[in-house]
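All remarks here apply to the structure that follows.
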Amino acid sequence: MTGDPETGGLAGLLKLMPSTDGQDEEVDWDAMARLWGTTFPADYVAFMAVYGAGSISESCAVLRPKPAFAGHESDVEEETANARDGWPDAGSAELTRDAKWPVIAWGVTVAGDIACWRTTAENPDNWTVAVFRASGLRPWREYAYGMTEFLRLTFTGALEECPFDDSTLWNRAPQKFVHWREQLRLLGVDDPWTDQ
């Protein structure tokens, strides 16, 4: 799911989006597995170690599973609940604490689109990306890629169409990533987006 090791997945993403302003999120993945009842895809674990949670080109927030996104409301739990509300037949089965969610959110855009994993595969490394678009008659679109490869293909314009209602990430590279701690540090001092 992560693509060719040289050009796809995280390695390919690093060529299109420098990790200069990233930070290791130092996530307790065992605690996350207990909380969510599942492990997470290896490319997301790697992304969190290299980039962490933060914003891509002031257009898409990449979310951390827990705790809440430091002063922001858009954490994985909240956006997953929002995405599940829009999932077809979401109300037909009762969700228990031990049930796996049909989708788990990993990002949200300025346009209100929610990027998720479709969690049908037993192995999280085989989860694909599903995007809930805030507008349109067909809100859900699925892509046969993992998170990092999906982002790489979005940045290079290699998907059939822009997956989001906002086109900031579409067919544009390099993109800029800024960790949320760095954004807070620069708040009122400097604008991390001015050199884009």
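By convention in this document, the chains of the structure tokens carry letters A, B, ... by their order, each chain's residues are numbered from 1, and ligands are numbered from 1 in the order they are shown.
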Using the chain letters and numbers from this document, which residues of chain A does DSSP assign to helix (DSSP H, G or I), as a PyMOL selection string? chain A and resi 9-16+29-36+42-50+76-86+124-126+147-155+180-186
Pick from A:Glu122, A:Val110, A:Met32, A:Met147 nearest to Ala46 in chain A, counting only C-alpha atoms: A:Met147
With only C-alpha atoms as the counted atoms, please give the residues lying no more than 12 Å from Gly86 in chain A, apart from itself and same-chain residues fewer than 3 positions off, as a ChimeraX atom specification. /A:79-83,89-91,102-103,113-114,130-135,138-140
Expected file: the selected residues, C-alpha atoms, as a PDB file, in the first residue's frame:
```
ATOM      1  CA  GLU A  79     -13.149  13.999  13.176  1.00  0.00           C
ATOM      2  CA  THR A  80     -13.753  10.239  13.156  1.00  0.00           C
ATOM      3  CA  ALA A  81     -17.125  10.841  14.830  1.00  0.00           C
ATOM      4  CA  ASN A  82     -17.908  13.499  12.204  1.00  0.00           C
ATOM      5  CA  ALA A  83     -16.901  11.173   9.367  1.00  0.00           C
ATOM      6  CA  ASP A  89     -25.763   3.163   7.082  1.00  0.00           C
ATOM      7  CA  ALA A  90     -23.801   4.502  10.045  1.00  0.00           C
ATOM      8  CA  GLY A  91     -26.850   4.163  12.270  1.00  0.00           C
ATOM      9  CA  PRO A 102     -15.667   1.673   9.490  1.00  0.00           C
ATOM     10  CA  VAL A 103     -13.476   4.754   8.994  1.00  0.00           C
ATOM     11  CA  ASP A 113     -13.227  17.463   3.908  1.00  0.00           C
ATOM     12  CA  ILE A 114     -12.188  14.590   6.165  1.00  0.00           C
ATOM     13  CA  ALA A 130     -11.565   7.318   2.019  1.00  0.00           C
ATOM     14  CA  VAL A 131     -12.329  11.035   1.753  1.00  0.00           C
ATOM     15  CA  PHE A 132     -15.550  12.578   2.981  1.00  0.00           C
ATOM     16  CA  ARG A 133     -16.133  15.674   0.884  1.00  0.00           C
ATOM     17  CA  ALA A 134     -18.240  18.319   2.548  1.00  0.00           C
ATOM     18  CA  SER A 135     -19.939  19.220  -0.744  1.00  0.00           C
ATOM     19  CA  ARG A 138     -21.513  11.681  -3.689  1.00  0.00           C
ATOM     20  CA  PRO A 139     -19.649  12.667  -0.523  1.00  0.00           C
ATOM     21  CA  TRP A 140     -17.443   9.558  -0.144  1.00  0.00           C
TER      22      TRP A 140
END
```
Find the residues near range 158-173 of chain A: any atom within 7 Å, counting only C-alpha atoms, skip ones fewer than 4 places away on the same chain, and give them as a list in words.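 Residues meeting the cut-off are Leu16, Ser59, Ala111, Asp113, Arg133, Leu153 and Thr154 of chain A.
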I'd like the neighbourhood of Pro124 in chain A as a JSON list (two decimals) with all heavy atoms, in the first residue's frame, where a residue qualifies if any of its atoms comes within 8 Å (using only C-alpha atoms), though same-chain residues fewer than 5 positions away should be ignored.
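Result went into part-v7.json, see below:
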```
[["chain", "number", "residue", "atom", "x", "y", "z"],
["A", 38, "THR", "N", -7.18, -1.39, 17.71],
["A", 38, "THR", "CA", -6.45, -1.74, 16.49],
["A", 38, "THR", "C", -5.11, -1.03, 16.50],
["A", 38, "THR", "O", -4.97, 0.03, 17.13],
["A", 38, "THR", "CB", -7.24, -1.35, 15.23],
["A", 38, "THR", "OG1", -6.50, -1.75, 14.06],
["A", 38, "THR", "CG2", -7.51, 0.15, 15.16],
["A", 39, "THR", "N", -4.15, -1.59, 15.79],
["A", 39, "THR", "CA", -2.92, -0.86, 15.55],
["A", 39, "THR", "C", -3.15, 0.09, 14.38],
["A", 39, "THR", "O", -4.22, 0.06, 13.75],
["A", 39, "THR", "CB", -1.76, -1.83, 15.22],
["A", 39, "THR", "OG1", -2.13, -2.62, 14.09],
["A", 39, "THR", "CG2", -1.44, -2.71, 16.42],
["A", 40, "PHE", "N", -2.16, 0.93, 14.08],
["A", 40, "PHE", "CA", -2.29, 1.89, 13.01],
["A", 40, "PHE", "C", -1.32, 1.55, 11.88],
["A", 40, "PHE", "O", -0.33, 0.85, 12.09],
["A", 40, "PHE", "CB", -2.04, 3.31, 13.53],
["A", 40, "PHE", "CG", -3.19, 3.87, 14.32],
["A", 40, "PHE", "CD1", -3.37, 3.51, 15.65],
["A", 40, "PHE", "CD2", -4.10, 4.72, 13.73],
["A", 40, "PHE", "CE1", -4.45, 4.01, 16.38],
["A", 40, "PHE", "CE2", -5.18, 5.22, 14.45],
["A", 40, "PHE", "CZ", -5.35, 4.86, 15.77],
["A", 41, "PRO", "N", -1.59, 2.03, 10.66],
["A", 41, "PRO", "CA", -0.70, 1.73, 9.53],
["A", 41, "PRO", "C", 0.74, 2.19, 9.78],
["A", 41, "PRO", "O", 0.97, 3.25, 10.37],
["A", 41, "PRO", "CB", -1.33, 2.50, 8.37],
["A", 41, "PRO", "CG", -2.77, 2.67, 8.75],
["A", 41, "PRO", "CD", -2.76, 2.83, 10.24],
["A", 42, "ALA", "N", 1.69, 1.39, 9.31],
["A", 42, "ALA", "CA", 3.11, 1.68, 9.51],
["A", 42, "ALA", "C", 3.51, 3.01, 8.90],
["A", 42, "ALA", "O", 4.36, 3.73, 9.44],
["A", 42, "ALA", "CB", 3.96, 0.55, 8.93],
["A", 119, "THR", "N", -11.26, 0.98, 7.10],
["A", 119, "THR", "CA", -10.65, -0.01, 7.98],
["A", 119, "THR", "C", -11.12, -1.45, 7.75],
["A", 119, "THR", "O", -11.06, -2.27, 8.65],
["A", 119, "THR", "CB", -10.89, 0.37, 9.46],
["A", 119, "THR", "OG1", -12.30, 0.35, 9.71],
["A", 119, "THR", "CG2", -10.32, 1.73, 9.77]]
```
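Of the residues in range 26-139 of chain A, those that DSSP places in strand (DSSP E or B) on the basis of the backbone are Gly54, Ser55, Ile56, Cys60, Ala61, Val62, Val103, Ile104, Ala105, Trp106, Gly107, Val108, Thr109, Ile114, Ala115, Cys116, Trp117, Arg118, Thr128, Val129, Ala130, Val131 and Phe132 of chain A.
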Requested write-out: C-alpha atoms of the selected residues, as an mmCIF file, in the first residue's frame:
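Now in selection.cif:
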```cif
data_model
loop_
_atom_site.group_PDB
_atom_site.id
_atom_site.type_symbol
_atom_site.label_atom_id
_atom_site.label_comp_id
_atom_site.auth_asym_id
_atom_site.auth_seq_id
_atom_site.Cartn_x
_atom_site.Cartn_y
_atom_site.Cartn_z
ATOM 1 C CA GLY A 54 0.404 19.660 12.081
ATOM 2 C CA SER A 55 -0.607 21.536 8.979
ATOM 3 C CA ILE A 56 0.249 21.011 5.323
ATOM 4 C CA CYS A 60 -4.855 20.237 5.649
ATOM 5 C CA ALA A 61 -4.333 19.323 9.300
ATOM 6 C CA VAL A 62 -2.795 15.896 9.887
ATOM 7 C CA VAL A 103 -13.476 4.754 8.994
ATOM 8 C CA ILE A 104 -10.859 6.455 11.165
ATOM 9 C CA ALA A 105 -9.930 10.056 10.384
ATOM 10 C CA TRP A 106 -6.309 11.139 9.952
ATOM 11 C CA GLY A 107 -6.762 14.589 8.388
ATOM 12 C CA VAL A 108 -9.157 17.450 7.800
ATOM 13 C CA THR A 109 -8.994 20.264 5.242
ATOM 14 C CA ILE A 114 -12.188 14.590 6.165
ATOM 15 C CA ALA A 115 -9.433 12.199 5.070
ATOM 16 C CA CYS A 116 -9.855 8.771 6.639
ATOM 17 C CA TRP A 117 -8.686 5.200 6.513
ATOM 18 C CA ARG A 118 -11.231 2.634 5.338
ATOM 19 C CA THR A 128 -7.078 2.452 1.982
ATOM 20 C CA VAL A 129 -7.958 6.142 2.054
ATOM 21 C CA ALA A 130 -11.565 7.318 2.019
ATOM 22 C CA VAL A 131 -12.329 11.035 1.753
ATOM 23 C CA PHE A 132 -15.550 12.578 2.981
#
```
CA of Val76 in chain A to CA of Met17 in chain A, distance in Å rounded to a single decimal: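 It comes out at 22.2 Å.
Counting from CA of Arg84 in chain A, the distance to CA of Gly22 in chain A is 29.1 Å.
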Minimum-distance residue to Glu77 in chain A, chosen among A:Val45, A:Ala11, A:Val178, A:Leu63 (using only C-alpha atoms):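 Using only C-alpha atoms, the shortest distance to Glu77 in chain A belongs to A:Leu63.
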Please compute the CA of Phe177 in chain A-CA of Ser57 in chain A distance, one decimal, in Å.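 Between these atoms lies a distance of 6.2 Å.
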